[in-house]
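Quick notes on the structure that follows.
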Amino acid sequence: MTTALKTVLHGLLKFTNYSIELLAFTRVGDGVKSTRAYCQTKEDVPGPPAGIKAVLQDPETALVTWLTPTHPNGVILRYSVHIRVVDGGRQVDVRSISHHSPSHLQYQLPGLKKRLFYEFWITAFTKVGEGQSSPVVSLTPSSKVKASIVSFGGAQLAAWKSDVRLPCRAVGIQELKRQWLVGDAPLNQQPRLNIAPDGSLLLSTVQRSDQGEYTCVVWNEYGKDVITYHLRVQGKSSSIYSLYSLDPSVQDSKRGGEEEKKIEQICDGRLMRPGMPSILPKNLRENGSRLIHMFLGGSSLLDSLAGYVGWDTSSTAGSVPPGTPLLLMTESTQHTLQLQWKLGDDGGSPIRGFVLHYKLEHGEWEEARLDGTRSTHVLANLRCGTLYHVYVTAYNRVGSGSPSKTLDVRTRGGLPLLPAPADLLLLNSSSVALRLSIWPDGGCPMLYYVVEYAPRLMEGDNWLVVSNNIVPNRVYVLSGLKPATTYKLRIKAHNAAGSKEGNYQFTTLSLLGGTVSPSHVVTQNDGRAPLHKDVKIVLLCLLSSLIIALGFLGICFCVKKSKSR
């Protein structure tokens, strides 16, 4: 913040794009922002290469590999490979070999001689000049070439659901053996984890659960070598993270949205070089100026820069959608379901909320949106004794995670039961009273009844509908019946869980109040014929009668014979 018309911004990164806005403010408030100005800091000499290795490829050949500088500070034009040869502590040769292939980060040195000691180091060049050198590495030629890995392990950042290749290129004589470890356990090949012919580990559509340590071990009879990768999975994000205001009163809600879309339109490839970081200058961080706004260009270095700038990037970089919740039903009543869930992985970003999805078996999906701090919820106002399908999803700043397993859960209660005929029916000569108030509801309140009847001897399905909406908890009288007549009665009872049909048969009393055969009430559900019409019973009775008759005749014969003697 300044009252002057000119200021110098300190602490900027080299060869980095910046966008600058100005606005004036008074005690009343902020004025209108200026048009954005774009600029780029100049190139400088690069930093040292991030790593270097020198190994024996065979007894007479050295292979040197290295990594690009962490801070290139410009466009890398070439590398220089420096070699020093030492014999018995005395330097016998020093040379520098220009390497003009910036993307080919290796160099072979043939013609090694035994008993000599070789040292190597690398420097990088931009148009400004030569940068700092890498550490010095050394080797001594030997006929026993041990297994060596020329790839570099270390931190590996991968976009969520992308494919990842972890190289493990190795050299050495004799047969090389290789093994990958996940943590401390040997890797078992899976559909998404495979080992390429060159020894690289291939991970397809990486998930946040794939984060961790991956170790490659290579050995032969002369020795072994090990490298370890630390894999981290982050959400796929825009090359422009967001517009940051230095005014502490401005909330996170101003990050993204339409402002971010405008930035993406402005900061295209002509203004922001891919992979090149932008950062707020130190003096502006410290005084909290409201005059200048800057934003980050796409950069995988965001996390390392965040500590320097003081931004909390936990809700953006390195985040993926949450994992899959574990959903359980803990209790149910006639009209409620109590649900509980547990989320193992928040995706690296605070959980903003949960969405509980539920529906009837043949209904439409409904949603209940819940706060991110919740782990239980009661679904209320549900239908009694009814099946519901339920699942839950969690979401964070990146998006919604995978849904939990769908639960098939039912509220308490069931279909109506059937009462005993003797409890239900009260007979006289011209009517029957239906005591619907004693009908067992199965745990869910009764809604209504449908009552039909027909004379038993009537052919076909000619039922007479008495009513299709009889209210419960009352006695309903079915009148206009004939004395001493047998009728069929069909009652369908409905509650919230569904319906149950009962079939009954009864005979009205005679005009004198007497019963007519059959004198008792039976249910049609019994399905058994009267005794005199049951063929098996009739045959059994005839056979029993015949045996008794034959037995009686036998006794008479024996008595008569004994008298004759």
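In the structure tokens, the first chain shown is A, the next is B, and so on; residue numbers restart at 1 for each chain, and ligands run from 1 in the order shown.
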
Legend entry - Who sits within 7 Å of Asp371 of chain A, only C-alpha atoms, same chain under 6 positions skipped, as an MDAnalysis selection string: chainID A and resid 352:354

Inset, instruction - For segment 41-44 of chain A, work out the shell of residues within 8 Å, counting only C-alpha atoms and skipping chain neighbours fewer than 4 positions away, then give it as JSON, numbers by chain. - result: {"A": [12, 13, 14, 15, 16, 17, 73, 74, 75, 126, 127, 128, 129]}

Export, as a PDB file, in the first residue's frame, the selected residues with N, CA and C atoms.
ATOM      1  N   LEU A  12      10.143 -11.096  -6.034  1.00  0.00           N
ATOM      2  CA  LEU A  12       9.470 -11.839  -7.097  1.00  0.00           C
ATOM      3  C   LEU A  12      10.332 -13.013  -7.550  1.00  0.00           C
ATOM      4  N   LEU A  13       9.684 -14.009  -8.122  1.00  0.00           N
ATOM      5  CA  LEU A  13      10.404 -15.145  -8.686  1.00  0.00           C
ATOM      6  C   LEU A  13      10.957 -14.780 -10.053  1.00  0.00           C
ATOM      7  N   LYS A  14      12.046 -15.444 -10.409  1.00  0.00           N
ATOM      8  CA  LYS A  14      12.672 -15.207 -11.707  1.00  0.00           C
ATOM      9  C   LYS A  14      11.870 -15.873 -12.821  1.00  0.00           C
ATOM     10  N   PHE A  15      11.857 -15.202 -13.965  1.00  0.00           N
ATOM     11  CA  PHE A  15      11.218 -15.732 -15.165  1.00  0.00           C
ATOM     12  C   PHE A  15       9.805 -16.243 -14.851  1.00  0.00           C
ATOM     13  N   THR A  16       8.993 -15.333 -14.262  1.00  0.00           N
ATOM     14  CA  THR A  16       7.643 -15.683 -13.833  1.00  0.00           C
ATOM     15  C   THR A  16       6.662 -14.617 -14.299  1.00  0.00           C
ATOM     16  N   ASN A  17       5.498 -15.036 -14.739  1.00  0.00           N
ATOM     17  CA  ASN A  17       4.467 -14.120 -15.207  1.00  0.00           C
ATOM     18  C   ASN A  17       3.661 -13.567 -14.040  1.00  0.00           C
ATOM     19  N   ASN A  73      14.701 -21.004 -13.842  1.00  0.00           N
ATOM     20  CA  ASN A  73      14.914 -19.550 -13.978  1.00  0.00           C
ATOM     21  C   ASN A  73      15.025 -19.098 -15.426  1.00  0.00           C
ATOM     22  N   GLY A  74      14.460 -19.862 -16.324  1.00  0.00           N
ATOM     23  CA  GLY A  74      14.501 -19.533 -17.742  1.00  0.00           C
ATOM     24  C   GLY A  74      14.312 -20.785 -18.565  1.00  0.00           C
ATOM     25  N   VAL A  75      14.605 -20.679 -19.856  1.00  0.00           N
ATOM     26  CA  VAL A  75      14.506 -21.823 -20.764  1.00  0.00           C
ATOM     27  C   VAL A  75      15.862 -22.514 -20.801  1.00  0.00           C
ATOM     28  N   THR A 126      21.043 -21.346 -19.440  1.00  0.00           N
ATOM     29  CA  THR A 126      20.006 -20.567 -20.109  1.00  0.00           C
ATOM     30  C   THR A 126      20.725 -19.539 -20.982  1.00  0.00           C
ATOM     31  N   LYS A 127      19.966 -18.643 -21.571  1.00  0.00           N
ATOM     32  CA  LYS A 127      20.625 -17.644 -22.415  1.00  0.00           C
ATOM     33  C   LYS A 127      21.442 -16.658 -21.585  1.00  0.00           C
ATOM     34  N   VAL A 128      21.186 -16.619 -20.269  1.00  0.00           N
ATOM     35  CA  VAL A 128      21.959 -15.727 -19.407  1.00  0.00           C
ATOM     36  C   VAL A 128      23.326 -16.313 -19.118  1.00  0.00           C
ATOM     37  N   GLY A 129      23.404 -17.643 -19.019  1.00  0.00           N
ATOM     38  CA  GLY A 129      24.693 -18.262 -18.749  1.00  0.00           C
ATOM     39  C   GLY A 129      24.565 -19.573 -18.017  1.00  0.00           C
TER      40      GLY A 129
END

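A straight line drawn from atom CA of Gln57 of chain A to atom CA of Lys114 of chain A is 14.3 Å long.
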
Inset, instruction - as number ranges by chain, list the residues of segment 309-503 of chain A assigned to strand (DSSP E or B) by DSSP on the backbone atoms of this structure. - result: A: 326-332, 337-342, 353-360, 366-371, 376-379, 387-395, 400, 407-410, 425-427, 432-435, 446-455, 464-470, 475-478, 486-495, 498-503
